[in-house]
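K.L.:
Quick one, data.txt (compact mmCIF, C-alpha atoms):
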```
# COMPACT_ATOMS: atom_id res chain seq x y z
CA MET A 1 114.12 25.60 -77.39
CA LEU A 2 114.00 24.04 -73.95
CA HIS A 3 111.23 26.42 -72.98
CA GLN A 4 109.22 25.47 -76.10
CA LYS A 5 109.66 21.73 -75.35
CA ASN A 6 108.41 22.25 -71.81
CA ILE A 7 105.36 24.10 -73.12
CA LYS A 8 104.61 21.31 -75.63
CA THR A 9 105.00 18.65 -72.95
CA MET A 10 102.73 20.57 -70.61
CA LEU A 11 100.09 20.98 -73.34
CA LYS A 12 100.19 17.24 -74.05
CA HIS A 13 99.59 16.48 -70.37
CA ILE A 14 96.72 18.96 -70.24
CA LEU A 15 95.19 17.38 -73.36
CA LYS A 16 95.43 13.92 -71.78
CA ILE A 17 93.74 15.16 -68.62
CA ILE A 18 90.92 16.76 -70.62
CA LEU A 19 90.39 13.57 -72.64
CA ALA A 20 90.38 11.51 -69.44
CA LEU A 21 87.78 13.79 -67.85
CA PHE A 22 85.52 13.44 -70.87
CA THR A 23 85.95 9.70 -71.40
CA LEU A 24 85.79 8.57 -67.76
CA PRO A 25 82.05 9.29 -67.43
CA LEU A 26 81.48 7.36 -70.64
CA LEU A 27 83.20 4.31 -69.17
CA ALA A 28 80.95 4.54 -66.12
CA GLN A 29 77.68 4.67 -68.07
CA VAL A 30 75.16 1.83 -67.75
CA PRO A 31 74.46 -0.04 -71.00
CA ALA A 32 72.14 1.79 -73.38
CA PRO A 33 68.65 0.31 -73.85
CA ALA A 34 68.47 -2.28 -76.58
CA PRO A 35 67.07 -1.28 -79.98
CA PRO A 36 63.53 -2.42 -80.93
CA GLN A 37 63.03 -5.94 -82.21
CA GLU A 38 63.46 -5.90 -85.99
CA SER A 39 62.33 -9.39 -87.02
CA PRO A 40 60.43 -12.35 -85.53
CA ILE A 41 62.46 -14.65 -83.27
CA ALA A 42 61.76 -18.21 -82.14
CA LEU A 43 63.56 -19.90 -79.25
CA VAL A 44 63.52 -23.60 -80.05
CA GLY A 45 64.20 -26.73 -78.01
CA GLY A 46 64.41 -25.40 -74.45
CA THR A 47 62.39 -26.23 -71.35
CA ALA A 48 59.85 -23.44 -70.89
CA HIS A 49 58.69 -22.62 -67.37
CA ILE A 50 55.51 -20.71 -68.20
CA GLY A 51 55.11 -19.01 -64.80
CA ASN A 52 51.63 -20.35 -64.08
CA GLY A 53 52.82 -23.76 -62.90
CA GLU A 54 53.00 -25.28 -66.38
CA VAL A 55 56.23 -26.62 -67.90
CA ILE A 56 56.71 -27.35 -71.61
CA GLU A 57 59.58 -29.63 -72.55
CA ASN A 58 61.14 -29.08 -75.98
CA ALA A 59 59.24 -25.82 -76.36
CA VAL A 60 58.99 -23.19 -79.07
CA ILE A 61 58.66 -19.62 -77.82
CA GLY A 62 58.10 -17.17 -80.66
CA PHE A 63 57.77 -13.40 -80.49
CA GLU A 64 57.34 -10.50 -82.87
CA GLU A 65 57.30 -6.73 -82.29
CA GLY A 66 57.84 -7.32 -78.59
CA LYS A 67 54.84 -9.62 -78.07
CA LEU A 68 54.65 -13.38 -77.65
CA THR A 69 53.14 -15.08 -80.69
CA ILE A 70 53.95 -18.77 -80.15
CA VAL A 71 54.09 -20.70 -76.87
CA ALA A 72 53.86 -24.40 -77.60
CA SER A 73 55.58 -27.75 -77.70
CA ALA A 74 57.88 -28.17 -80.71
CA SER A 75 55.88 -31.24 -81.75
CA SER A 76 52.79 -29.06 -82.33
CA VAL A 77 54.55 -26.37 -84.39
CA ASN A 78 55.23 -26.93 -88.08
CA ASP A 79 57.77 -25.34 -90.42
CA GLU A 80 55.13 -23.12 -91.99
CA GLN A 81 54.32 -21.52 -88.62
CA LEU A 82 58.02 -20.75 -88.11
CA SER A 83 58.46 -19.28 -91.57
CA GLY A 84 60.05 -15.87 -91.30
CA TYR A 85 61.28 -16.43 -87.73
CA GLU A 86 64.95 -16.28 -86.83
CA GLN A 87 65.36 -19.58 -84.99
CA ILE A 88 67.69 -19.76 -82.00
CA ASP A 89 68.53 -23.24 -80.71
CA VAL A 90 68.22 -23.26 -76.91
CA SER A 91 68.26 -27.03 -76.42
CA GLY A 92 69.19 -27.96 -72.87
CA LYS A 93 68.43 -24.44 -71.64
CA HIS A 94 65.63 -23.22 -69.38
CA LEU A 95 63.24 -20.42 -70.37
CA TYR A 96 61.38 -18.19 -67.92
CA PRO A 97 59.24 -15.05 -67.92
CA GLY A 98 61.06 -11.96 -66.62
CA PHE A 99 61.11 -11.81 -62.83
CA ILE A 100 59.25 -9.07 -60.93
CA LEU A 101 60.56 -7.26 -57.85
CA PRO A 102 57.82 -5.61 -55.73
CA ASN A 103 58.29 -2.83 -53.19
CA THR A 104 61.80 -1.53 -53.92
CA ASN A 105 63.52 1.85 -53.92
CA LEU A 106 65.61 0.82 -56.93
CA GLY A 107 66.40 3.91 -58.99
CA LEU A 108 65.56 6.19 -56.08
CA VAL A 109 68.70 5.42 -54.09
CA GLU A 110 72.19 4.98 -55.50
CA ILE A 111 74.51 5.11 -52.46
CA ASN A 112 72.83 5.18 -49.06
CA ALA A 113 75.76 6.97 -47.44
CA VAL A 114 75.72 9.80 -50.00
CA ARG A 115 72.68 12.00 -49.33
CA ALA A 116 72.73 13.58 -52.79
CA THR A 117 71.99 10.17 -54.36
CA VAL A 118 69.03 9.39 -52.08
CA ASP A 119 65.61 10.53 -53.33
CA ASP A 120 63.10 8.05 -51.90
CA GLU A 121 61.35 10.16 -49.25
CA GLU A 122 59.42 13.42 -48.97
CA THR A 123 58.83 15.45 -45.83
CA GLY A 124 55.48 15.15 -44.11
CA GLY A 125 53.55 12.22 -42.69
CA LEU A 126 50.58 11.87 -45.05
CA ASN A 127 51.65 12.12 -48.69
CA PRO A 128 49.32 10.03 -50.89
CA ASN A 129 49.94 12.54 -53.72
CA VAL A 130 53.73 11.99 -53.82
CA ARG A 131 54.63 10.02 -56.97
CA SER A 132 57.80 7.93 -56.88
CA ILE A 133 57.88 7.49 -60.65
CA ILE A 134 59.06 11.02 -61.46
CA ALA A 135 62.19 10.49 -59.33
CA TYR A 136 63.07 7.12 -60.89
CA ASN A 137 66.59 7.15 -62.35
CA THR A 138 67.00 4.79 -65.32
CA ASP A 139 70.78 5.39 -65.27
CA SER A 140 71.24 3.81 -61.85
CA GLU A 141 74.22 1.44 -61.72
CA ALA A 142 72.08 -0.91 -59.61
CA ILE A 143 69.68 -1.68 -62.46
CA PRO A 144 72.06 -3.87 -64.53
CA THR A 145 72.81 -5.94 -61.41
CA MET A 146 69.12 -6.88 -61.33
CA ARG A 147 68.93 -7.81 -65.00
CA PHE A 148 71.73 -10.36 -65.06
CA ASN A 149 69.80 -12.36 -62.46
CA GLY A 150 66.62 -12.11 -64.51
CA ILE A 151 64.76 -9.27 -62.78
CA LEU A 152 63.18 -7.24 -65.58
CA TYR A 153 60.36 -5.42 -63.76
CA ALA A 154 60.09 -3.61 -60.45
CA GLN A 155 57.57 -1.73 -58.33
CA ILE A 156 59.29 1.56 -57.48
CA THR A 157 58.11 2.48 -53.99
CA PRO A 158 58.74 5.59 -51.87
CA GLU A 159 59.70 5.40 -48.22
CA GLY A 160 58.83 7.67 -45.36
CA ASP A 161 56.31 8.28 -42.60
CA ARG A 162 52.69 7.10 -42.34
CA ILE A 163 51.75 7.42 -46.05
CA PRO A 164 54.95 7.96 -48.07
CA GLY A 165 53.26 8.11 -51.47
CA THR A 166 52.40 6.04 -54.54
CA SER A 167 54.42 3.42 -56.36
CA SER A 168 54.60 2.61 -60.07
CA ILE A 169 55.63 -0.46 -62.09
CA VAL A 170 58.59 -0.07 -64.45
CA GLY A 171 60.60 -2.14 -66.88
CA LEU A 172 64.35 -2.21 -66.32
CA ASP A 173 65.52 -1.35 -69.83
CA ALA A 174 64.59 2.23 -70.69
CA TRP A 175 66.01 5.65 -71.53
CA ASN A 176 63.91 7.57 -69.02
CA TRP A 177 61.06 7.07 -66.59
CA GLU A 178 58.43 7.79 -69.24
CA ASP A 179 59.80 4.93 -71.38
CA ALA A 180 60.13 2.65 -68.36
CA VAL A 181 56.52 2.87 -67.15
CA ILE A 182 54.39 -0.27 -67.24
CA LYS A 183 51.73 1.04 -64.87
CA THR A 184 51.71 4.42 -63.13
CA ASP A 185 50.46 4.99 -59.59
CA ASP A 186 49.47 1.37 -59.04
CA ALA A 187 49.27 1.63 -55.24
CA ILE A 188 49.32 4.00 -52.27
CA HIS A 189 51.54 2.73 -49.47
CA LEU A 190 50.52 2.88 -45.83
CA ASN A 191 52.89 2.14 -42.93
CA TRP A 192 50.45 0.98 -40.28
CA PRO A 193 51.27 2.23 -36.75
CA ARG A 194 53.01 -0.17 -34.40
CA ARG A 195 51.38 -1.07 -31.09
CA TYR A 196 54.78 -1.87 -29.65
CA ALA A 197 58.18 -0.33 -30.31
CA ARG A 198 61.51 -2.04 -29.71
CA GLU A 199 64.05 -0.57 -27.37
CA TYR A 200 67.52 -1.93 -26.74
CA ASP A 201 68.45 -2.31 -23.07
CA TYR A 202 72.20 -1.79 -22.75
CA ALA A 203 72.15 -2.99 -19.14
CA THR A 204 70.87 -6.46 -20.06
CA PHE A 205 71.94 -6.51 -23.74
CA SER A 206 68.40 -7.37 -24.77
CA VAL A 207 65.56 -5.91 -26.81
CA ASN A 208 62.41 -4.96 -24.95
CA ARG A 209 58.94 -4.36 -26.34
CA VAL A 210 57.53 -1.02 -25.23
CA LYS A 211 53.87 -0.18 -25.75
CA SER A 212 53.30 2.80 -28.03
CA LYS A 213 51.65 5.79 -26.34
CA THR A 214 50.42 7.24 -29.63
CA TYR A 215 48.97 4.15 -31.36
CA ALA A 216 45.31 5.22 -30.95
CA GLU A 217 46.09 8.74 -32.16
CA ASP A 218 48.01 7.42 -35.19
CA VAL A 219 45.13 5.14 -36.20
CA GLN A 220 42.68 8.00 -35.70
CA ALA A 221 44.72 10.19 -38.05
CA ILE A 222 44.44 7.50 -40.75
CA GLU A 223 40.68 7.22 -40.18
CA MET A 224 40.25 11.00 -40.44
CA LEU A 225 42.13 11.01 -43.74
CA MET A 226 39.85 8.27 -45.06
CA GLU A 227 36.75 10.17 -43.98
CA ASP A 228 38.03 13.37 -45.58
CA ALA A 229 38.75 11.51 -48.82
CA LYS A 230 35.26 9.97 -48.95
CA ALA A 231 33.63 13.34 -48.26
CA TYR A 232 35.79 15.01 -50.91
CA ILE A 233 34.79 12.41 -53.51
CA GLU A 234 31.09 12.62 -52.63
CA LYS A 235 31.00 16.44 -52.91
CA GLY A 236 33.12 16.46 -56.06
CA VAL A 237 34.35 20.02 -55.56
CA GLY A 238 37.66 21.59 -54.63
CA ASN A 239 41.22 20.84 -55.60
CA ASN A 240 42.94 19.01 -52.75
CA LEU A 241 45.95 17.14 -54.16
CA LYS A 242 46.21 14.69 -51.27
CA LEU A 243 42.54 13.71 -51.37
CA GLU A 244 42.44 13.74 -55.18
CA ALA A 245 45.22 11.13 -55.21
CA MET A 246 43.09 8.81 -53.04
CA LYS A 247 40.11 8.57 -55.40
CA GLY A 248 41.35 5.33 -56.91
CA LEU A 249 41.26 3.57 -53.55
CA PHE A 250 37.47 3.72 -53.52
CA ASP A 251 36.77 2.76 -57.14
CA GLY A 252 39.34 -0.06 -57.23
CA SER A 253 41.73 1.50 -59.74
CA THR A 254 44.42 1.97 -57.07
CA ALA A 255 45.45 -0.57 -54.45
CA MET A 256 46.36 0.11 -50.84
CA HIS A 257 49.60 -1.64 -49.87
CA VAL A 258 49.68 -1.93 -46.10
CA HIS A 259 53.07 -2.40 -44.47
CA ALA A 260 52.43 -4.21 -41.19
CA ASP A 261 54.17 -6.98 -39.26
CA ALA A 262 52.37 -7.90 -36.02
CA ALA A 263 49.33 -10.16 -36.26
CA GLN A 264 47.03 -7.80 -34.35
CA GLU A 265 48.10 -4.83 -36.46
CA ILE A 266 47.50 -6.82 -39.67
CA VAL A 267 43.93 -7.67 -38.64
CA GLU A 268 43.16 -4.14 -37.44
CA SER A 269 44.51 -2.51 -40.59
CA VAL A 270 42.42 -4.71 -42.87
CA LYS A 271 39.25 -4.18 -40.84
CA VAL A 272 39.67 -0.40 -40.74
CA LEU A 273 40.37 -0.10 -44.47
CA LYS A 274 37.54 -2.48 -45.41
CA ALA A 275 35.16 -0.41 -43.29
CA TYR A 276 35.97 2.64 -45.44
CA GLY A 277 35.35 0.75 -48.67
CA ILE A 278 38.95 0.24 -49.81
CA GLN A 279 38.58 -2.44 -52.46
CA LYS A 280 42.13 -3.66 -53.12
CA ILE A 281 44.34 -4.31 -50.09
CA VAL A 282 47.77 -5.94 -50.23
CA LEU A 283 49.77 -6.83 -47.14
CA VAL A 284 53.50 -6.08 -47.40
CA GLU A 285 56.39 -7.43 -45.27
CA ALA A 286 54.00 -9.32 -42.95
CA GLU A 287 56.31 -10.80 -40.31
CA GLU A 288 53.46 -12.54 -38.46
CA ALA A 289 51.13 -13.18 -41.40
CA ILE A 290 51.19 -16.93 -40.76
CA HIS A 291 49.40 -16.39 -37.41
CA VAL A 292 46.42 -14.80 -39.20
CA ALA A 293 46.57 -16.81 -42.44
CA ASP A 294 42.93 -17.92 -42.17
CA PHE A 295 41.85 -14.27 -41.80
CA LEU A 296 43.90 -13.22 -44.84
CA SER A 297 42.55 -16.09 -46.92
CA GLU A 298 38.94 -15.31 -45.90
CA HIS A 299 39.31 -11.66 -46.94
CA GLU A 300 41.38 -12.50 -50.05
CA ILE A 301 44.33 -10.38 -48.96
CA PRO A 302 47.51 -11.24 -50.91
CA VAL A 303 50.87 -10.99 -49.14
CA VAL A 304 54.26 -9.73 -50.34
CA ILE A 305 56.75 -11.42 -48.02
CA SER A 306 59.97 -9.56 -47.19
CA ASN A 307 63.46 -10.95 -46.69
CA VAL A 308 63.17 -14.72 -46.82
CA HIS A 309 66.90 -14.97 -46.02
CA ARG A 310 66.86 -13.82 -42.40
CA LEU A 311 66.44 -14.95 -38.83
CA PRO A 312 62.93 -15.09 -37.32
CA ASP A 313 61.71 -12.06 -35.40
CA LYS A 314 61.04 -13.86 -32.12
CA PRO A 315 63.51 -16.11 -30.29
CA GLU A 316 60.82 -18.73 -29.73
CA ASP A 317 60.14 -19.11 -33.46
CA ALA A 318 61.65 -21.97 -35.46
CA ILE A 319 64.95 -20.93 -37.04
CA ASP A 320 63.70 -21.78 -40.53
CA LEU A 321 60.30 -20.06 -40.20
CA PRO A 322 61.14 -17.29 -42.74
CA TYR A 323 62.16 -19.98 -45.27
CA ARG A 324 58.90 -21.90 -44.78
CA MET A 325 56.60 -18.86 -44.63
CA PRO A 326 55.73 -18.78 -48.39
CA SER A 327 54.78 -22.45 -48.38
CA MET A 328 52.76 -22.19 -45.16
CA LEU A 329 50.76 -19.20 -46.42
CA MET A 330 50.09 -20.74 -49.83
CA GLN A 331 48.83 -23.92 -48.16
CA GLU A 332 46.27 -21.72 -46.38
CA GLY A 333 45.08 -20.30 -49.70
CA VAL A 334 46.92 -16.97 -49.50
CA GLU A 335 48.42 -15.55 -52.69
CA VAL A 336 52.13 -14.86 -52.12
CA ALA A 337 54.87 -12.84 -53.80
CA LEU A 338 58.43 -12.22 -52.63
CA MET A 339 60.46 -9.03 -52.14
CA TYR A 340 63.62 -7.86 -50.40
CA ARG A 341 63.98 -4.50 -48.67
CA GLY A 342 66.68 -2.25 -50.06
CA VAL A 343 68.58 -2.50 -53.31
CA THR A 344 71.78 -4.29 -52.29
CA ASN A 345 70.41 -7.82 -51.88
CA ALA A 346 67.27 -7.51 -53.98
CA ARG A 347 69.19 -8.80 -57.02
CA ASN A 348 69.10 -12.24 -55.39
CA LEU A 349 65.29 -12.41 -55.61
CA PRO A 350 65.24 -15.66 -57.69
CA PHE A 351 67.48 -17.37 -55.13
CA TYR A 352 65.11 -16.44 -52.31
CA ALA A 353 62.43 -18.18 -54.35
CA GLY A 354 64.80 -21.15 -54.63
CA THR A 355 65.05 -21.27 -50.84
CA ALA A 356 61.25 -21.24 -50.58
CA ALA A 357 61.23 -24.18 -53.00
CA THR A 358 63.59 -26.09 -50.72
CA TYR A 359 61.32 -25.44 -47.75
CA GLY A 360 57.92 -26.59 -48.91
CA LEU A 361 57.07 -25.14 -52.32
CA SER A 362 57.55 -26.88 -55.62
CA LYS A 363 59.94 -25.19 -58.05
CA GLU A 364 57.05 -23.96 -60.20
CA GLU A 365 55.14 -22.62 -57.19
CA ALA A 366 58.26 -20.77 -56.07
CA LEU A 367 58.68 -19.38 -59.57
CA GLN A 368 55.12 -18.06 -59.46
CA CYS A 369 56.03 -16.02 -56.36
CA ILE A 370 58.33 -13.86 -58.51
CA THR A 371 56.39 -14.01 -61.77
CA LEU A 372 52.62 -14.50 -62.18
CA ASN A 373 51.66 -14.10 -58.50
CA ALA A 374 53.63 -10.86 -58.31
CA ALA A 375 52.04 -9.65 -61.56
CA LYS A 376 48.52 -10.42 -60.26
CA ILE A 377 49.16 -8.66 -56.96
CA LEU A 378 50.51 -5.59 -58.78
CA GLY A 379 47.66 -5.63 -61.30
CA VAL A 380 49.78 -6.16 -64.44
CA ASP A 381 49.18 -9.87 -65.12
CA ASP A 382 47.52 -9.02 -68.43
CA MET A 383 50.92 -7.84 -69.71
CA ILE A 384 53.67 -9.67 -67.82
CA GLY A 385 54.29 -12.51 -65.37
CA SER A 386 53.97 -15.54 -67.65
CA LEU A 387 54.86 -16.81 -71.09
CA GLU A 388 51.47 -16.57 -72.80
CA VAL A 389 50.56 -15.44 -76.29
CA GLY A 390 49.83 -11.72 -76.42
CA LYS A 391 51.89 -10.80 -73.38
CA HIS A 392 55.18 -8.89 -73.46
CA ALA A 393 58.05 -10.95 -74.81
CA SER A 394 60.26 -10.59 -71.74
CA ILE A 395 62.08 -13.90 -71.66
CA LEU A 396 65.04 -15.32 -69.77
CA VAL A 397 67.24 -18.09 -71.17
CA SER A 398 69.42 -19.72 -68.52
CA SER A 399 71.89 -22.55 -68.96
CA GLY A 400 70.68 -23.94 -65.64
CA ASP A 401 68.02 -23.54 -62.96
CA ALA A 402 67.31 -19.81 -62.60
CA LEU A 403 66.35 -20.29 -58.94
CA ASP A 404 69.71 -21.87 -58.11
CA MET A 405 72.65 -19.49 -57.74
CA LYS A 406 75.12 -22.28 -58.65
CA THR A 407 73.65 -23.04 -62.05
CA ASN A 408 71.82 -19.84 -63.02
CA ILE A 409 73.75 -18.28 -65.92
CA MET A 410 71.68 -16.00 -68.14
CA GLU A 411 72.73 -16.59 -71.75
CA HIS A 412 70.01 -14.54 -73.42
CA VAL A 413 67.63 -11.99 -71.93
CA PHE A 414 64.90 -10.41 -74.03
CA TYR A 415 62.95 -7.42 -72.76
CA GLU A 416 59.81 -6.86 -74.84
CA GLY A 417 61.53 -8.64 -77.71
CA ARG A 418 64.76 -6.66 -77.45
CA LYS A 419 67.92 -8.58 -76.59
CA ILE A 420 69.47 -6.58 -73.78
CA ASN A 421 73.07 -6.09 -72.73
CA LEU A 422 73.67 -7.85 -69.40
CA GLU A 423 76.91 -6.08 -68.60
CA GLY A 424 77.04 -4.09 -65.37
CA MET A 425 79.64 -2.45 -63.18
CA GLN A 426 80.92 -5.78 -61.83
CA GLN A 427 81.50 -7.18 -65.31
CA ARG A 428 83.26 -4.01 -66.44
CA LEU A 429 85.57 -4.06 -63.44
CA TYR A 430 86.27 -7.77 -63.98
CA LYS A 431 87.28 -7.17 -67.58
CA LYS A 432 89.32 -4.11 -66.67
CA TYR A 433 91.51 -5.85 -64.10
CA LYS A 434 91.62 -9.14 -65.99
CA GLU A 435 93.17 -7.32 -68.95
CA LYS A 436 95.53 -5.41 -66.64
CA TYR A 437 97.00 -8.45 -64.91
CA GLU A 438 97.02 -10.64 -68.02
CA SER A 439 99.03 -7.98 -69.84
CA GLN A 440 101.53 -7.88 -66.97
CA GLN A 441 101.98 -11.65 -67.12
CA ASN A 442 102.69 -11.48 -70.83
```
For the file at hand, write its structure as structure tokens.
P.N.:
Amino acid sequence: MLHQKNIKTMLKHILKIILALFTLPLLAQVPAPAPPQESPIALVGGTAHIGNGEVIENAVIGFEEGKLTIVASASSVNDEQLSGYEQIDVSGKHLYPGFILPNTNLGLVEINAVRATVDDEETGGLNPNVRSIIAYNTDSEAIPTMRFNGILYAQITPEGDRIPGTSSIVGLDAWNWEDAVIKTDDAIHLNWPRRYAREYDYATFSVNRVKSKTYAEDVQAIEMLMEDAKAYIEKGVGNNLKLEAMKGLFDGSTAMHVHADAAQEIVESVKVLKAYGIQKIVLVEAEEAIHVADFLSEHEIPVVISNVHRLPDKPEDAIDLPYRMPSMLMQEGVEVALMYRGVTNARNLPFYAGTAATYGLSKEEALQCITLNAAKILGVDDMIGSLEVGKHASILVSSGDALDMKTNIMEHVFYEGRKINLEGMQQRLYKKYKEKYESQQN
């Protein structure tokens, strides 16, 4: 009998272990994408920040089948127009278009220290044919952390050597990368060579600038690739995947996003690419863009500024220069969007815009840097970036100012008309341990 009891006890323990192994992954899953919108919805009474600089007090924002159908003041909308809409009272709340995060490896990297979860780079120096979109992981635990701060769209960008590949624009509520796509292969990314490298001197505890010995050769390699691509297009024969991927650069269907920091490198990169007939050029990161702002404005080169929350690059620069950079560039007529390198701090994108608003921009101008400006730069402003009739109904409802980390609390978030679940890993862990310790107190 004792032997039988031991066997039964052992079997029970084994059964518990098996159940735990099967249920633990389920507890760790990110929220499933929301179901399609079933009926028309109208958000009534809130303050709508359109994204183009316009603000509508006491607004009505209506949407049906994932598209915006009404964007107006409540005083101009009658009961007949709202017939059939489920009305949600958002009085005292603030409404925004979904925020857009450019130039990120979100969904390509899960844990930087675990190599098996990093898939943002291919071998080789010139890879215009490498497509980041097919590696995008919609089940990344980092994605929900973006959504509860209002980031609903992102430009998924590969990293690597001189030309790491092409980026694509995705929505952050999808089952797989095919469902997530807003625009595929929107841009080829080029890391322009540096004239000077930085070396740390351990004897003096300082950073020295060392002139690159290969700068001319690196630029020449880029020029040769451009010449090969033009010749390939003109002849129209062959099947070269690298050159085939570059066709869009010359007809304007694909942009060239140039990652460059130094003023001289910025000017040289634009001149070289313009000489080869590249129609759409976007400057990314752009540490010293303010020193060539007139040049960028003259050539209509938009800028995606990286890491507003940081110290300036040079010790002689004003300590608040990164905070003021968006305002200074926009005053010179340069179109500006904001980004943040890496996934960890990118979730705070709206608060970086809030800092830019404190240092020179108005709140609505700062909002544009993460909504309509970003959409224009990425070539998707016909679909997203502002609350306008016909565009995707991706709407944020915050109890406070969405650009202020103290008051920004997302109460409702709609992605293409679908009300999405804002719970992420942090919220699950909070609930888990809250229940644990509350039960112990009782």
K.L.:
Determine the nearest neighbour of A:Gln37 from the options A:Gly66, A:Gly390, A:Gly160, A:Gly53, counting all atoms listed in the file.
P.N.:
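Checking each candidate against A:Gln37, we get A:Gly66 as the closest.
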K.L.:
For A:His299, find every residue with an atom within 10 Å (counting all atoms listed in the file), except residues of its own chain fewer than 5 positions away, and show them as a ChimeraX atom specification.
P.N.:
/A:270-271,274,281,293-294,334
K.L.:
Could you name the residues that touch stretch 79-88 of chain A at 12 Å or less, counting all atoms listed in the file, but leaving out those on the same chain fewer than 3 positions away, as a list in words?
P.N.:
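Once the nearby chain positions are removed, what remains is Gln37, Glu38, Ser39, Pro40, Ile41, Ala42, Leu43, Val44, Gly45, Gly46, Ala59, Val60, Ile61, Gly62, Phe63, Glu64, Glu65, Thr69, Ile70, Val71, Ala72, Ala74, Ser75, Ser76, Ser91, Lys93, Val397, Glu411 and His412 of chain A.
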K.L.:
Which neighbours of A:Gln331 fall inside 12 Å, counting all atoms listed in the file, when residues of the same chain fewer than 2 positions from it are skipped, and could you give them as a PDB file with C-alpha atoms, in the coordinates of the input?
P.N.:
```
ATOM      1  CA  ILE A 290      51.190 -16.930 -40.760  1.00  0.00           C
ATOM      2  CA  ALA A 293      46.570 -16.810 -42.440  1.00  0.00           C
ATOM      3  CA  ASP A 294      42.930 -17.920 -42.170  1.00  0.00           C
ATOM      4  CA  SER A 297      42.550 -16.090 -46.920  1.00  0.00           C
ATOM      5  CA  ARG A 324      58.900 -21.900 -44.780  1.00  0.00           C
ATOM      6  CA  MET A 325      56.600 -18.860 -44.630  1.00  0.00           C
ATOM      7  CA  PRO A 326      55.730 -18.780 -48.390  1.00  0.00           C
ATOM      8  CA  SER A 327      54.780 -22.450 -48.380  1.00  0.00           C
ATOM      9  CA  MET A 328      52.760 -22.190 -45.160  1.00  0.00           C
ATOM     10  CA  LEU A 329      50.760 -19.200 -46.420  1.00  0.00           C
ATOM     11  CA  GLY A 333      45.080 -20.300 -49.700  1.00  0.00           C
ATOM     12  CA  VAL A 334      46.920 -16.970 -49.500  1.00  0.00           C
ATOM     13  CA  GLU A 335      48.420 -15.550 -52.690  1.00  0.00           C
ATOM     14  CA  VAL A 336      52.130 -14.860 -52.120  1.00  0.00           C
ATOM     15  CA  GLY A 360      57.920 -26.590 -48.910  1.00  0.00           C
ATOM     16  CA  LEU A 361      57.070 -25.140 -52.320  1.00  0.00           C
ATOM     17  CA  SER A 362      57.550 -26.880 -55.620  1.00  0.00           C
ATOM     18  CA  GLU A 365      55.140 -22.620 -57.190  1.00  0.00           C
TER      19      GLU A 365
END
```
K.L.:
Residues at most 12 Å from stretch 176-181 of chain A, counting all atoms listed in the file, excluding those fewer than 5 positions away in the same chain, as an mmCIF file with C-alpha atoms, in the frame of the given file?
P.N.:
```
data_model
loop_
_atom_site.group_PDB
_atom_site.id
_atom_site.type_symbol
_atom_site.label_atom_id
_atom_site.label_comp_id
_atom_site.auth_asym_id
_atom_site.auth_seq_id
_atom_site.Cartn_x
_atom_site.Cartn_y
_atom_site.Cartn_z
ATOM 1 C CA ALA A 32 72.140 1.790 -73.380
ATOM 2 C CA PRO A 33 68.650 0.310 -73.850
ATOM 3 C CA GLY A 107 66.400 3.910 -58.990
ATOM 4 C CA LEU A 108 65.560 6.190 -56.080
ATOM 5 C CA ARG A 131 54.630 10.020 -56.970
ATOM 6 C CA SER A 132 57.800 7.930 -56.880
ATOM 7 C CA ILE A 133 57.880 7.490 -60.650
ATOM 8 C CA ILE A 134 59.060 11.020 -61.460
ATOM 9 C CA ALA A 135 62.190 10.490 -59.330
ATOM 10 C CA TYR A 136 63.070 7.120 -60.890
ATOM 11 C CA ASN A 137 66.590 7.150 -62.350
ATOM 12 C CA THR A 138 67.000 4.790 -65.320
ATOM 13 C CA ASP A 139 70.780 5.390 -65.270
ATOM 14 C CA SER A 140 71.240 3.810 -61.850
ATOM 15 C CA LEU A 152 63.180 -7.240 -65.580
ATOM 16 C CA TYR A 153 60.360 -5.420 -63.760
ATOM 17 C CA ALA A 154 60.090 -3.610 -60.450
ATOM 18 C CA GLN A 155 57.570 -1.730 -58.330
ATOM 19 C CA ILE A 156 59.290 1.560 -57.480
ATOM 20 C CA SER A 167 54.420 3.420 -56.360
ATOM 21 C CA SER A 168 54.600 2.610 -60.070
ATOM 22 C CA ILE A 169 55.630 -0.460 -62.090
ATOM 23 C CA VAL A 170 58.590 -0.070 -64.450
ATOM 24 C CA GLY A 171 60.600 -2.140 -66.880
ATOM 25 C CA ASP A 186 49.470 1.370 -59.040
ATOM 26 C CA VAL A 380 49.780 -6.160 -64.440
ATOM 27 C CA TYR A 415 62.950 -7.420 -72.760
ATOM 28 C CA GLU A 416 59.810 -6.860 -74.840
#
```
K.L.:
Please provide as a list in words all residues within 10 Å of A:Glu159, with the sequence filter that same-chain residues fewer than 5 positions apart are discarded (counting only C-alpha atoms).
P.N.:
Asn103, Thr104, Asn105, Leu108, Asp119, Asp120, Glu121, Glu122, Ser132, Pro164, Gly165, Thr166, Ser167, His189, Leu190 and Asn191 of chain A
K.L.:
Figure out the distance between atom CA of A:Gln279 and atom CA of A:Met383, please, to one decimal in Å.
P.N.:
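Interatomic distance here is 21.9 Å.
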K.L.:
In Å, with one decimal, what is the gap from atom CA of A:Glu54 to atom CA of A:Asp401?
P.N.:
15.5 Å
K.L.:
Counting only C-alpha atoms, find the residues whose atoms lie at most 9 Å from (68.2, -10.8, -73.0) (file coordinates) and write them out as a list of chain:residue names.
P.N.:
A:Arg147, A:Phe148, A:Gly150, A:Ser394, A:Ile395, A:Leu396, A:Val397, A:Met410, A:Glu411, A:His412, A:Val413, A:Phe414, A:Tyr415, A:Gly417, A:Arg418, A:Lys419, A:Ile420, A:Asn421, A:Leu422
